[in-house]
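Here is the file protein_1.txt (compact mmCIF, C-alpha atoms).
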# COMPACT_ATOMS: atom_id res chain seq x y z
CA MET G 21 -73.17 -40.25 23.43
CA LEU G 22 -74.98 -37.12 22.24
CA ILE G 23 -72.18 -34.90 23.48
CA GLU G 24 -69.63 -36.97 21.56
CA LEU G 25 -71.64 -36.49 18.37
CA LEU G 26 -71.33 -32.74 18.84
CA THR G 27 -67.52 -32.83 18.70
CA LYS G 28 -65.39 -32.15 15.64
CA ARG G 29 -64.77 -35.86 15.17
CA TYR G 30 -68.19 -36.21 13.57
CA PRO G 31 -68.75 -33.06 11.50
CA GLY G 32 -71.79 -34.43 9.63
CA MET G 33 -73.46 -35.75 12.76
CA ARG G 34 -72.57 -32.52 14.51
CA ALA G 35 -74.43 -30.42 11.93
CA TRP G 36 -77.34 -32.86 11.87
CA LEU G 37 -77.72 -32.93 15.65
CA THR G 38 -77.21 -29.18 16.04
CA GLN G 39 -80.01 -28.61 13.53
CA ARG G 40 -82.34 -30.78 15.62
CA LEU G 41 -81.33 -29.46 19.04
CA SER G 42 -81.78 -25.86 17.87
CA ALA G 43 -85.19 -26.85 16.49
CA LEU G 44 -86.11 -28.30 19.88
CA VAL G 45 -85.10 -25.11 21.71
CA MET G 46 -87.25 -23.09 19.29
CA VAL G 47 -90.28 -25.37 19.65
CA ILE G 48 -90.15 -25.03 23.44
CA TYR G 49 -89.74 -21.24 23.28
CA ILE G 50 -92.54 -20.83 20.73
CA ALA G 51 -94.96 -22.96 22.74
CA PHE G 52 -94.10 -20.94 25.83
CA ALA G 53 -94.32 -17.62 24.00
CA VAL G 54 -97.75 -18.41 22.54
CA VAL G 55 -99.15 -19.40 25.96
CA ARG G 56 -97.61 -16.36 27.62
CA PHE G 57 -98.95 -14.09 24.87
CA LEU G 58 -102.46 -15.52 25.19
CA ILE G 59 -102.44 -15.12 28.99
CA ILE G 60 -100.99 -11.59 29.13
CA GLN G 61 -102.61 -10.32 25.91
CA PRO G 62 -100.36 -7.28 25.45
CA ASN G 63 -102.78 -5.22 23.34
CA TYR G 64 -101.27 -1.76 23.84
CA TYR G 65 -97.80 -0.23 23.85
CA GLU G 66 -97.03 -0.32 27.60
CA ALA G 67 -98.25 -3.90 27.89
CA TRP G 68 -96.15 -4.87 24.87
CA VAL G 69 -93.03 -3.31 26.41
CA ASP G 70 -93.84 -5.02 29.72
CA PHE G 71 -94.14 -8.30 27.85
CA PHE G 72 -90.48 -8.01 26.85
CA ASN G 73 -89.33 -6.38 30.07
CA PRO G 74 -88.48 -9.35 32.37
CA LEU G 75 -84.80 -10.24 32.13
CA TRP G 76 -85.51 -13.97 32.08
CA TRP G 77 -87.77 -13.47 29.08
CA ARG G 78 -85.14 -11.42 27.25
CA ILE G 79 -82.58 -14.14 27.89
CA ALA G 80 -85.02 -16.83 26.73
CA THR G 81 -85.74 -14.80 23.61
CA LEU G 82 -82.03 -14.39 22.96
CA LEU G 83 -81.51 -18.15 23.37
CA PHE G 84 -84.30 -18.64 20.86
CA TRP G 85 -82.69 -16.19 18.46
CA ILE G 86 -79.25 -17.85 18.76
CA SER G 87 -80.89 -21.22 18.00
CA LEU G 88 -82.70 -19.65 15.07
CA CYS G 89 -79.48 -18.25 13.61
CA VAL G 90 -77.66 -21.56 13.93
CA HIS G 91 -80.67 -23.42 12.50
CA ALA G 92 -80.98 -20.99 9.57
CA TRP G 93 -77.24 -21.19 8.89
CA LEU G 94 -77.26 -25.00 8.64
CA GLY G 95 -80.52 -25.05 6.68
CA ILE G 96 -79.67 -22.41 4.10
CA ARG G 97 -76.14 -23.80 3.78
CA ASP G 98 -77.64 -27.16 2.79
CA VAL G 99 -79.96 -25.47 0.31
CA LEU G 100 -77.00 -23.62 -1.25
CA LYS G 101 -75.03 -26.89 -1.41
CA ASP G 102 -77.90 -28.48 -3.31
CA TYR G 103 -78.78 -25.74 -5.77
CA VAL G 104 -75.62 -23.67 -6.35
CA PRO G 105 -73.11 -25.93 -8.10
CA ASN G 106 -70.67 -23.12 -8.94
CA PRO G 107 -68.15 -23.15 -6.05
CA SER G 108 -67.19 -19.47 -6.17
CA ALA G 109 -70.81 -18.33 -6.40
CA ARG G 110 -71.63 -20.59 -3.47
CA ASP G 111 -68.71 -19.22 -1.45
CA VAL G 112 -70.03 -15.71 -1.96
CA LEU G 113 -73.56 -16.71 -0.92
CA ASP G 114 -72.20 -18.64 2.08
CA ILE G 115 -70.33 -15.55 3.24
CA LEU G 116 -73.42 -13.38 2.71
CA LEU G 117 -75.42 -15.89 4.75
CA VAL G 118 -72.99 -15.92 7.66
CA VAL G 119 -72.55 -12.15 7.68
CA SER G 120 -76.31 -11.48 7.60
CA LEU G 121 -76.93 -13.95 10.43
CA TRP G 122 -74.20 -12.33 12.57
CA VAL G 123 -75.78 -8.94 11.90
CA TYR G 124 -79.20 -10.28 12.99
CA LEU G 125 -77.63 -11.82 16.08
CA PHE G 126 -75.88 -8.60 17.15
CA TRP G 127 -79.04 -6.65 16.39
CA ALA G 128 -81.03 -9.00 18.64
CA VAL G 129 -78.44 -8.79 21.45
CA TRP G 130 -78.49 -5.01 21.26
CA LEU G 131 -82.29 -4.94 21.16
CA LEU G 132 -82.81 -7.38 24.04
CA LEU G 133 -79.91 -6.57 26.36
CA GLY G 134 -78.80 -3.10 25.29
CA MET Y 2 -65.51 -36.63 -27.76
CA GLN Y 3 -64.44 -36.73 -24.14
CA ASN Y 4 -68.07 -36.49 -23.14
CA ASN Y 5 -68.88 -39.50 -25.27
CA GLN Y 6 -66.12 -41.44 -23.63
CA GLN Y 7 -67.43 -40.55 -20.21
CA LYS Y 8 -70.90 -41.61 -21.23
CA ASN Y 9 -69.57 -44.91 -22.48
CA THR Y 10 -67.70 -45.61 -19.27
CA GLN Y 11 -70.83 -44.71 -17.34
CA LYS Y 12 -72.85 -47.04 -19.51
CA ALA Y 13 -70.36 -49.78 -18.86
CA ARG Y 14 -70.90 -49.38 -15.12
CA LEU Y 15 -74.69 -49.63 -15.33
CA ARG Y 16 -76.37 -52.80 -14.26
CA PRO Y 17 -78.25 -54.78 -16.92
CA GLY Y 18 -81.72 -53.38 -17.56
CA GLN Y 19 -80.81 -49.99 -16.24
CA MET Y 20 -79.88 -48.62 -19.64
CA SER Y 21 -83.38 -48.83 -21.07
CA ARG Y 22 -84.85 -46.70 -18.33
CA PRO Y 23 -86.49 -43.55 -19.68
CA LYS Y 24 -84.90 -40.23 -18.83
CA ASN Y 25 -87.72 -38.00 -17.71
CA LEU Y 26 -86.76 -34.44 -16.97
CA ASN Y 27 -90.16 -32.86 -17.49
CA LEU Y 28 -91.09 -31.98 -13.93
CA PHE Y 29 -94.77 -31.59 -14.82
CA THR Y 30 -95.05 -35.27 -15.66
CA ILE Y 31 -93.69 -36.31 -12.26
CA ARG Y 32 -96.31 -36.64 -9.58
CA LEU Y 33 -94.92 -35.62 -6.23
CA PRO Y 34 -95.81 -38.07 -3.46
CA ILE Y 35 -97.38 -36.33 -0.48
CA ASN Y 36 -94.34 -36.94 1.76
CA ALA Y 37 -92.13 -35.32 -0.89
CA LEU Y 38 -94.53 -32.39 -1.11
CA VAL Y 39 -94.40 -31.83 2.65
CA SER Y 40 -90.62 -32.17 2.56
CA ILE Y 41 -90.01 -29.68 -0.27
CA LEU Y 42 -92.49 -27.25 1.29
CA HIS Y 43 -90.51 -27.54 4.54
CA ARG Y 44 -87.42 -26.48 2.63
CA ALA Y 45 -89.16 -23.71 0.66
CA THR Y 46 -90.88 -22.26 3.73
CA GLY Y 47 -87.57 -22.40 5.59
CA CYS Y 48 -85.99 -20.22 2.88
CA VAL Y 49 -88.90 -17.77 3.02
CA LEU Y 50 -88.65 -17.54 6.80
CA PHE Y 51 -84.92 -16.86 6.53
CA LEU Y 52 -85.55 -14.05 4.05
CA ILE Y 53 -88.05 -12.26 6.32
CA LEU Y 54 -85.80 -12.35 9.42
CA PRO Y 55 -84.64 -8.72 9.00
CA ILE Y 56 -88.26 -7.54 8.63
CA ILE Y 57 -89.25 -9.38 11.82
CA LEU Y 58 -86.33 -7.83 13.70
CA LEU Y 59 -87.14 -4.38 12.35
CA LEU Y 60 -90.80 -4.66 13.36
CA LEU Y 61 -89.87 -5.91 16.83
CA HIS Y 62 -87.33 -3.14 17.22
CA LEU Y 63 -89.73 -0.38 16.13
CA SER Y 64 -92.63 -1.74 18.18
CA LEU Y 65 -90.53 -1.65 21.35
CA SER Y 66 -88.69 1.63 20.77
CA SER Y 67 -91.45 4.26 21.23
CA LEU Y 68 -95.20 4.71 21.38
CA GLN Y 69 -95.19 6.54 18.06
CA ASP Y 70 -93.24 3.80 16.26
CA TYR Y 71 -95.47 1.20 17.90
CA GLU Y 72 -98.54 2.93 16.47
CA THR Y 73 -96.88 3.04 13.04
CA VAL Y 74 -96.13 -0.69 13.15
CA ILE Y 75 -99.72 -1.46 14.20
CA THR Y 76 -101.12 0.73 11.40
CA VAL Y 77 -98.90 -0.91 8.79
CA LEU Y 78 -99.77 -4.40 10.02
CA HIS Y 79 -103.48 -3.58 9.80
CA SER Y 80 -103.51 -2.55 6.14
CA PRO Y 81 -105.44 -5.13 4.08
CA PHE Y 82 -102.64 -6.09 1.67
CA ILE Y 83 -100.08 -6.50 4.46
CA LYS Y 84 -102.58 -8.61 6.41
CA LEU Y 85 -102.90 -10.95 3.44
CA MET Y 86 -99.11 -11.20 3.17
CA LEU Y 87 -98.87 -11.82 6.91
CA LEU Y 88 -101.32 -14.67 6.57
CA GLY Y 89 -99.23 -16.22 3.80
CA LEU Y 90 -96.08 -15.89 5.88
CA ALA Y 91 -97.93 -17.29 8.89
CA TRP Y 92 -98.82 -20.34 6.81
CA ALA Y 93 -95.14 -20.68 5.88
CA PHE Y 94 -94.26 -20.61 9.58
CA PHE Y 95 -96.99 -23.08 10.58
CA HIS Y 96 -96.02 -25.51 7.84
CA HIS Y 97 -92.33 -25.31 8.70
CA PHE Y 98 -93.18 -25.75 12.39
CA PHE Y 99 -95.40 -28.82 12.01
CA ALA Y 100 -93.30 -30.44 9.27
CA GLY Y 101 -90.25 -29.87 11.48
CA ILE Y 102 -91.91 -31.63 14.41
CA ARG Y 103 -92.73 -34.49 12.04
CA HIS Y 104 -89.06 -34.71 11.08
CA LEU Y 105 -88.04 -34.71 14.73
CA ALA Y 106 -90.52 -37.51 15.41
CA MET Y 107 -89.11 -39.55 12.53
CA ASP Y 108 -85.58 -38.95 13.83
CA VAL Y 109 -86.54 -40.82 16.99
CA HIS Y 110 -88.18 -43.51 14.86
CA TRP Y 111 -91.83 -42.60 15.23
CA MET Y 112 -94.05 -42.94 12.18
CA THR Y 113 -91.34 -44.16 9.85
CA THR Y 114 -93.15 -46.74 7.72
CA LEU Y 115 -94.39 -45.52 4.34
CA MET Y 116 -98.08 -45.66 5.26
CA LYS Y 117 -97.52 -43.82 8.54
CA ALA Y 118 -95.29 -41.25 6.84
CA ARG Y 119 -98.02 -40.57 4.28
CA TYR Y 120 -100.57 -40.24 7.06
CA THR Y 121 -98.43 -37.80 9.09
CA SER Y 122 -97.79 -35.80 5.89
CA LYS Y 123 -101.52 -35.27 5.57
CA VAL Y 124 -101.72 -34.37 9.26
CA VAL Y 125 -98.99 -31.75 8.79
CA LEU Y 126 -100.75 -30.20 5.78
CA VAL Y 127 -104.09 -30.14 7.62
CA LEU Y 128 -102.59 -28.67 10.80
CA GLY Y 129 -100.85 -25.94 8.79
CA ALA Y 130 -104.08 -25.07 7.01
CA LEU Y 131 -106.10 -25.18 10.25
CA ALA Y 132 -103.68 -22.93 12.13
CA THR Y 133 -103.75 -20.48 9.22
CA LEU Y 134 -107.55 -20.57 9.22
CA VAL Y 135 -107.73 -19.88 12.95
CA LEU Y 136 -105.36 -16.95 12.54
CA ALA Y 137 -107.37 -15.64 9.57
CA LEU Y 138 -110.56 -15.73 11.64
CA LYS Y 139 -108.77 -13.93 14.49
CA MET Y 140 -107.44 -11.29 12.06
CA TRP Y 141 -110.64 -10.54 10.13
CA LEU Y 142 -113.47 -11.15 12.62
Write out the structure in this file as structure tokens.
Amino acid sequence: MLIELLTKRYPGMRAWLTQRLSALVMVIYIAFAVVRFLIIQPNYYEAWVDFFNPLWWRIATLLFWISLCVHAWLGIRDVLKDYVPNPSARDVLDILLVVSLWVYLFWAVWLLLG
Amino acid sequence: MQNNQQKNTQKARLRPGQMSRPKNLNLFTIRLPINALVSILHRATGCVLFLILPIILLLLHLSLSSLQDYETVITVLHSPFIKLMLLGLAWAFFHHFFAGIRHLAMDVHWMTTLMKARYTSKVVLVLGALATLVLALKMWL
């Protein structure tokens, strides 16, 4: 059922559900990150680097960041749809949005896995 | 002329009684219900969070790249004005976070009656303020 809603047959439901699933991924990561931060308390440089050193944590962080980019794309796209009635202006802003999010995503990949 | 025609056809489509409704475009005379306030703040804070994404990435990048850059980031983050801005942004995050969880709850049909929605709106506002307060105490004490 949920998987079917994520297919191209239901573009509106797909965006809606993607927004929520990405939110869920982020909530789980943030809860985990806060607990981990409070336990480890990385208060100096080496500890901070160690905090981001485990591969599983880098992958989790990357998953979080991918969810964030998708979530931000859908969210800001809706905001632009609501407040920018001029189609060509909105197209430009939409492109800016997508390009900036791809840049952030590649930056995060490079930072976490490079 | 064409505009007038359009207006007339629109008028013709209105149901009886609808025509006498006042048009009120002065936003200051409209009282925002608390659920609407939480909702629009969710949207506004979402936009703010999107805009600070590159700054977050830059800070993370610098803090992990070398001891010297790490010290720089820490120094910058400890300056009084930046701390105040951080607190504001933290509130934006907390509000977006809790309001988002409220939306998720409503999506699975929890707390969907008007009274419950008003109540959870207050809870979201209080939680956002409380989390910000806790962070402020941690930052300044």
Q: Find the residues near Asn36 of chain Y: any atom within 9 Å, counting only C-alpha atoms, skip ones fewer than 4 places away on the same chain, and give them as a PyMOL selection string.
A: chain Y and resi 40-41+115+118-123
Q) In Å to one decimal, how far is atom CA of Leu65 of chain Y from atom CA of Met86 of chain Y? A) 22.3 Å
Q: Could you jot down the atom CA of Val123 of chain G to atom CA of Ile57 of chain Y separation for me, Å, one decimal place?
A: 13.5 Å
Q.
For a test of reading the model, state the distance in Å between atom CA of Leu100 of chain G and atom CA of Ile115 of chain G, rounded to one decimal.
A.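 Interatomic distance, atom CA of Leu100 of chain G to atom CA of Ile115 of chain G: 11.4 Å.
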Q) If we count only C-alpha atoms, which residues of chain Y reach to within 10 Å of chain G? Please list them as a PyMOL selection string. A) chain Y and resi 44-45+47-48+50-52+54-55+58-59+61-62+64-72+75+98-99+101-102+104-105+108
(Q) Set the distance at 10 Å and use only C-alpha atoms: which residues neighbour Leu37 of chain G once local chain neighbours fewer than 5 positions away are removed? I'd like the list as a VMD selection string. (A) chain G and resid 22 to 23 25 to 26 31 to 32 42 to 43
Q) At a cut-off of 12 Å from (-103.2, -15.5, 8.9) in the coordinates of the file, what residues are picked up using only C-alpha atoms, written as number ranges by chain? A) Y: 78-79, 81-95, 129-142
